[in-house]
Structures are given as structure tokens and as C-alpha cells.
Amino acid sequence: MRTGPTRSTSPACFLARLRRDFRAVYLAGLLCCAMLLPACLLVWLGVYLRMFWLSLAGGAAGGLLGAQGVCGLFDTLLRSRRGRLGAWWPGYCAAFRQNARDALLPGAVAGGALGAWIWVLMTLPLMERVPNSVWLCMFFGGACVIGFFLDLFAQLVLVDLPLGGLLKHTEMLFLGFLLRTLAAALVVLLYWMALVLFFPYTLPLLLITGGWLPGVLAVQILYPALDQAYGLTQRDADIEQEKR
């Protein structure tokens, strides 16, 4: 017999969590955008000057800081999703200190990869007769890169693993939940592409939705995979049982 959505996954529960934790989620999204800004500026400078290596190196350098913002946003969103947000700012600072070092190398690699991808994507319109297959490969490749790093940063704030173990778990999560991961990546990709394509008209929307809206949607899509992989619901239930 088919049943309705559970309390934790129903739209009503999702909206209730968002209303309850909106201030923390919004501020974490603003901080994430602020920390990603240097990477964005360096990548766009490379695109403007048509210097591939500037976009690549600028994305990698900016990713060192940008990864901290992404981890902070993921930590806030996942704790909110699990009903364990508590006092947001002390928890955010504690998570920042805990994840700062581990996020450096993944942030540099993610920033460099996305910087190179953006440079090529923005350079293609300058070429003549670009086949549709090239555009499809570019979008699919970008979605795969974004999805892989969404999985990686979500796990980085959840579990304490060495880099090799983190990469192995990310690969398994990415391949084991490929459609879910790509769906989350497409949400993020389409959101930011729409903001860029219609800029500056989307600037007011950026100030309102910032980094929190695509983050919330991505976490909502990815959470069942993370729950199945790490038993988050059972862990939270055990913690509540111990408190009683």
C-alpha cells in the first residue's frame, strides 16, 4: 500500500524547517558567496583577458577560501535538515575550525577544475560552428564535476576521513547515487547560469537567494543518499534515545 511522505521529508516539514532556521541558512549563504567572490573575480578576469592559466590558477587559489564557505553552508544546512542546528554562530565557527584544513586541497582542485570549465564554456561562443555535441559534453561534464564535489563537501562536514578515504567514499556515493547527484548538480548549475546570463537584472535576486537557495535544494536532493550511506536518521535517533 502506498503511503504519504514521512514527517521528515514532507513539503510541510521542509517549509517548517526553512522558516525555523531561515536566518542561519541565509547568513551562511551570504558568507559562502562572500568567500567565493575572490575565485569568481579571478576566473572572470582570466575569461576577460582570454588567459586560460589565469582562470585555472585563480580558481584554484580562490577555491582555498571558497571551500571554507561551502563547508560552512553545508554544515548549517545538514544540521538544520537533521534538526540539530542549535546556536548557529558558535556551531558555525566550531565547524569552520574543524573543517578548514581538510577543505583546502579539495577546494583548490574544485576551484581549478571549475575555473578551467568556465573559461572553456565562455570561450566557445567566440569560435565558429561549435557542434551541439560539444555543448552537451560541456554541460554534462560540468554537472559531473559539480556533483562530485557536492558529494565530497557534504561528506567532509559529516565524517572525519583522511583524504584518500574521503575520495573513495565520494566516488562510491557519486556512482551509487548518480541520478540523484546529477539532479542536485543540475539545480546548482542552472541556478548560477541563470543569474550570470541575466546579470545585472538578477542582482536583487542574488541578494535575496544568494547561496542558500541552491544549497537548500541540493541538500534536500542529496540527503536520502547521505542517510542511506551513513545511517544519519538512526544515529540521530540513538542520540535522542541516549538523552532520554
# chains A, B, ... in the order shown; residues from 1 in each chain; ligands from 1
>>> closest_atom_pairs(of="stretch 68-90 of chain A", to="stretch 148-161 of chain A", cutoff="10 Å", atoms="only C-alpha atoms", output="Markdown table")
| residue | atom | partner | partner_atom | distance |
| --- | --- | --- | --- | --- |
| A:Gln68 | CA | A:Phe153 | CA | 9.8 |
| A:Val70 | CA | A:Phe153 | CA | 7.4 |
| A:Cys71 | CA | A:Phe153 | CA | 6.2 |
| A:Gly72 | CA | A:Val157 | CA | 8.3 |
| A:Leu73 | CA | A:Ala154 | CA | 9.6 |
| A:Phe74 | CA | A:Ala154 | CA | 6.1 |
| A:Asp75 | CA | A:Val157 | CA | 5.9 |
| A:Thr76 | CA | A:Val157 | CA | 9.7 |
| A:Leu77 | CA | A:Ala154 | CA | 9.7 |
| A:Leu78 | CA | A:Ala154 | CA | 8.1 |
| A:Arg79 | CA | A:Leu158 | CA | 9.5 |
>>> closest_atom_pairs(of="stretch 98-131 of chain A", to="stretch 192-214 of chain A", cutoff="12 Å", atoms="only C-alpha atoms", output="CSV")
residue,atom,partner,partner_atom,distance
A:Ile118,CA,A:Met193,CA,10.5
A:Leu121,CA,A:Met193,CA,11.1
A:Met122,CA,A:Leu197,CA,11.1
>>> closest_residue(among="A:Gly141, A:Gly58, A:Pro90, A:Gly176", to="A:Leu226", atoms="only C-alpha atoms")
A:Gly176
>>> closest_residue(among="A:Phe174, A:Phe14, A:Trp117, A:Tyr48", to="A:Phe140", atoms="only C-alpha atoms")
A:Trp117
>>> residues_around(residues="A:Leu36", least_positions_apart="6", cutoff="8 Å", atoms="only C-alpha atoms", output="VMD selection string")
chain A and resid 62 to 63 65 to 67 69
>>> write_last_selection(atoms="N, CA, C and O atoms", output="PDB file, in the first residue's frame")
ATOM      1  N   GLY A  62      41.474  30.877  -5.359  1.00  0.00           N
ATOM      2  CA  GLY A  62      40.236  31.317  -4.715  1.00  0.00           C
ATOM      3  C   GLY A  62      39.476  30.184  -4.062  1.00  0.00           C
ATOM      4  O   GLY A  62      38.746  30.397  -3.088  1.00  0.00           O
ATOM      5  N   GLY A  63      39.663  28.972  -4.598  1.00  0.00           N
ATOM      6  CA  GLY A  63      38.984  27.825  -4.013  1.00  0.00           C
ATOM      7  C   GLY A  63      39.443  27.490  -2.610  1.00  0.00           C
ATOM      8  O   GLY A  63      38.715  26.848  -1.844  1.00  0.00           O
ATOM      9  N   LEU A  65      39.787  29.574  -0.193  1.00  0.00           N
ATOM     10  CA  LEU A  65      38.854  30.286   0.689  1.00  0.00           C
ATOM     11  C   LEU A  65      37.417  29.879   0.418  1.00  0.00           C
ATOM     12  O   LEU A  65      36.627  29.703   1.348  1.00  0.00           O
ATOM     13  N   GLY A  66      37.079  29.714  -0.869  1.00  0.00           N
ATOM     14  CA  GLY A  66      35.712  29.372  -1.209  1.00  0.00           C
ATOM     15  C   GLY A  66      35.248  28.064  -0.590  1.00  0.00           C
ATOM     16  O   GLY A  66      34.084  27.924  -0.203  1.00  0.00           O
ATOM     17  N   ALA A  67      36.158  27.097  -0.474  1.00  0.00           N
ATOM     18  CA  ALA A  67      35.788  25.810   0.125  1.00  0.00           C
ATOM     19  C   ALA A  67      35.347  25.968   1.573  1.00  0.00           C
ATOM     20  O   ALA A  67      34.497  25.211   2.053  1.00  0.00           O
ATOM     21  N   GLY A  69      33.682  28.503   2.798  1.00  0.00           N
ATOM     22  CA  GLY A  69      32.294  28.945   2.770  1.00  0.00           C
ATOM     23  C   GLY A  69      31.331  27.841   2.397  1.00  0.00           C
ATOM     24  O   GLY A  69      30.240  27.731   2.955  1.00  0.00           O
TER      25      GLY A  69
END
>>> atom_distance(atom1="atom CA of A:Pro11", atom2="atom CA of A:Gln220")
10.6 Å
>>> residues_around(residues="A:Leu54", least_positions_apart="6", cutoff="9 Å", atoms="only C-alpha atoms", output="list in words")
Leu42, Val43, Leu45, Gly46, Val47 and Gly115 of chain A
>>> closest_residue(among="A:Arg50, A:Arg20, A:Arg235, A:Lys168", to="A:Trp119", atoms="only C-alpha atoms")
A:Arg50
>>> atom_distance(atom1="atom CA of A:Trp135", atom2="atom CA of A:Pro38")
27.1 Å
>>> atom_distance(atom1="atom CA of A:Pro131", atom2="atom CA of A:Gly59")
27.1 Å
>>> closest_residue(among="A:Leu41, A:Leu126, A:Ile221, A:Leu163", to="A:Ala183", atoms="only C-alpha atoms")
A:Ile221
>>> closest_residue(among="A:Val216, A:Ala237, A:Leu167, A:Ala100", to="A:Ala28", atoms="only C-alpha atoms")
A:Val216
>>> select_by_dssp(residues="stretch 1-238 of chain A", states="alpha helix (DSSP H)", output="PyMOL selection string")
chain A and resi 11-49+52-81+88-123+132-158+163-176+178-197+203-209+212-230+232-238
>>> residues_around(residues="A:Leu222", least_positions_apart="2", cutoff="7 Å", atoms="only C-alpha atoms", output="ChimeraX atom specification")
/A:180-181,184,218-220,224-226
>>> write_last_selection(atoms="N, CA, C and O atoms", output="tab-separated table (two decimals), in the first residue's frame")
chain	number	residue	atom	x	y	z
A	180	ARG	N	20.64	10.97	-8.59
A	180	ARG	CA	20.36	11.94	-7.52
A	180	ARG	C	21.45	13.00	-7.47
A	180	ARG	O	21.16	14.19	-7.29
A	181	THR	N	22.70	12.58	-7.60
A	181	THR	CA	23.80	13.53	-7.58
A	181	THR	C	23.73	14.49	-8.76
A	181	THR	O	23.93	15.70	-8.61
A	184	ALA	N	21.01	17.10	-8.25
A	184	ALA	CA	21.44	18.18	-7.36
A	184	ALA	C	22.41	19.12	-8.07
A	184	ALA	O	22.33	20.35	-7.93
A	218	ALA	N	19.87	21.44	-3.15
A	218	ALA	CA	20.85	20.37	-3.36
A	218	ALA	C	20.88	19.42	-2.17
A	218	ALA	O	20.92	18.19	-2.35
A	219	VAL	N	20.87	19.96	-0.96
A	219	VAL	CA	20.89	19.11	0.23
A	219	VAL	C	19.61	18.29	0.32
A	219	VAL	O	19.63	17.11	0.70
A	220	GLN	N	18.48	18.89	-0.02
A	220	GLN	CA	17.21	18.16	0.00
A	220	GLN	C	17.26	16.96	-0.94
A	220	GLN	O	16.71	15.90	-0.65
A	224	PRO	N	18.76	11.89	1.18
A	224	PRO	CA	18.46	10.46	1.25
A	224	PRO	C	19.67	9.57	0.94
A	224	PRO	O	19.83	8.50	1.55
A	225	ALA	N	20.51	10.00	0.00
A	225	ALA	CA	21.72	9.23	-0.31
A	225	ALA	C	22.69	9.24	0.87
A	225	ALA	O	23.27	8.21	1.24
A	226	LEU	N	22.88	10.40	1.48
A	226	LEU	CA	23.77	10.51	2.64
A	226	LEU	C	23.21	9.71	3.81
A	226	LEU	O	23.97	9.07	4.56
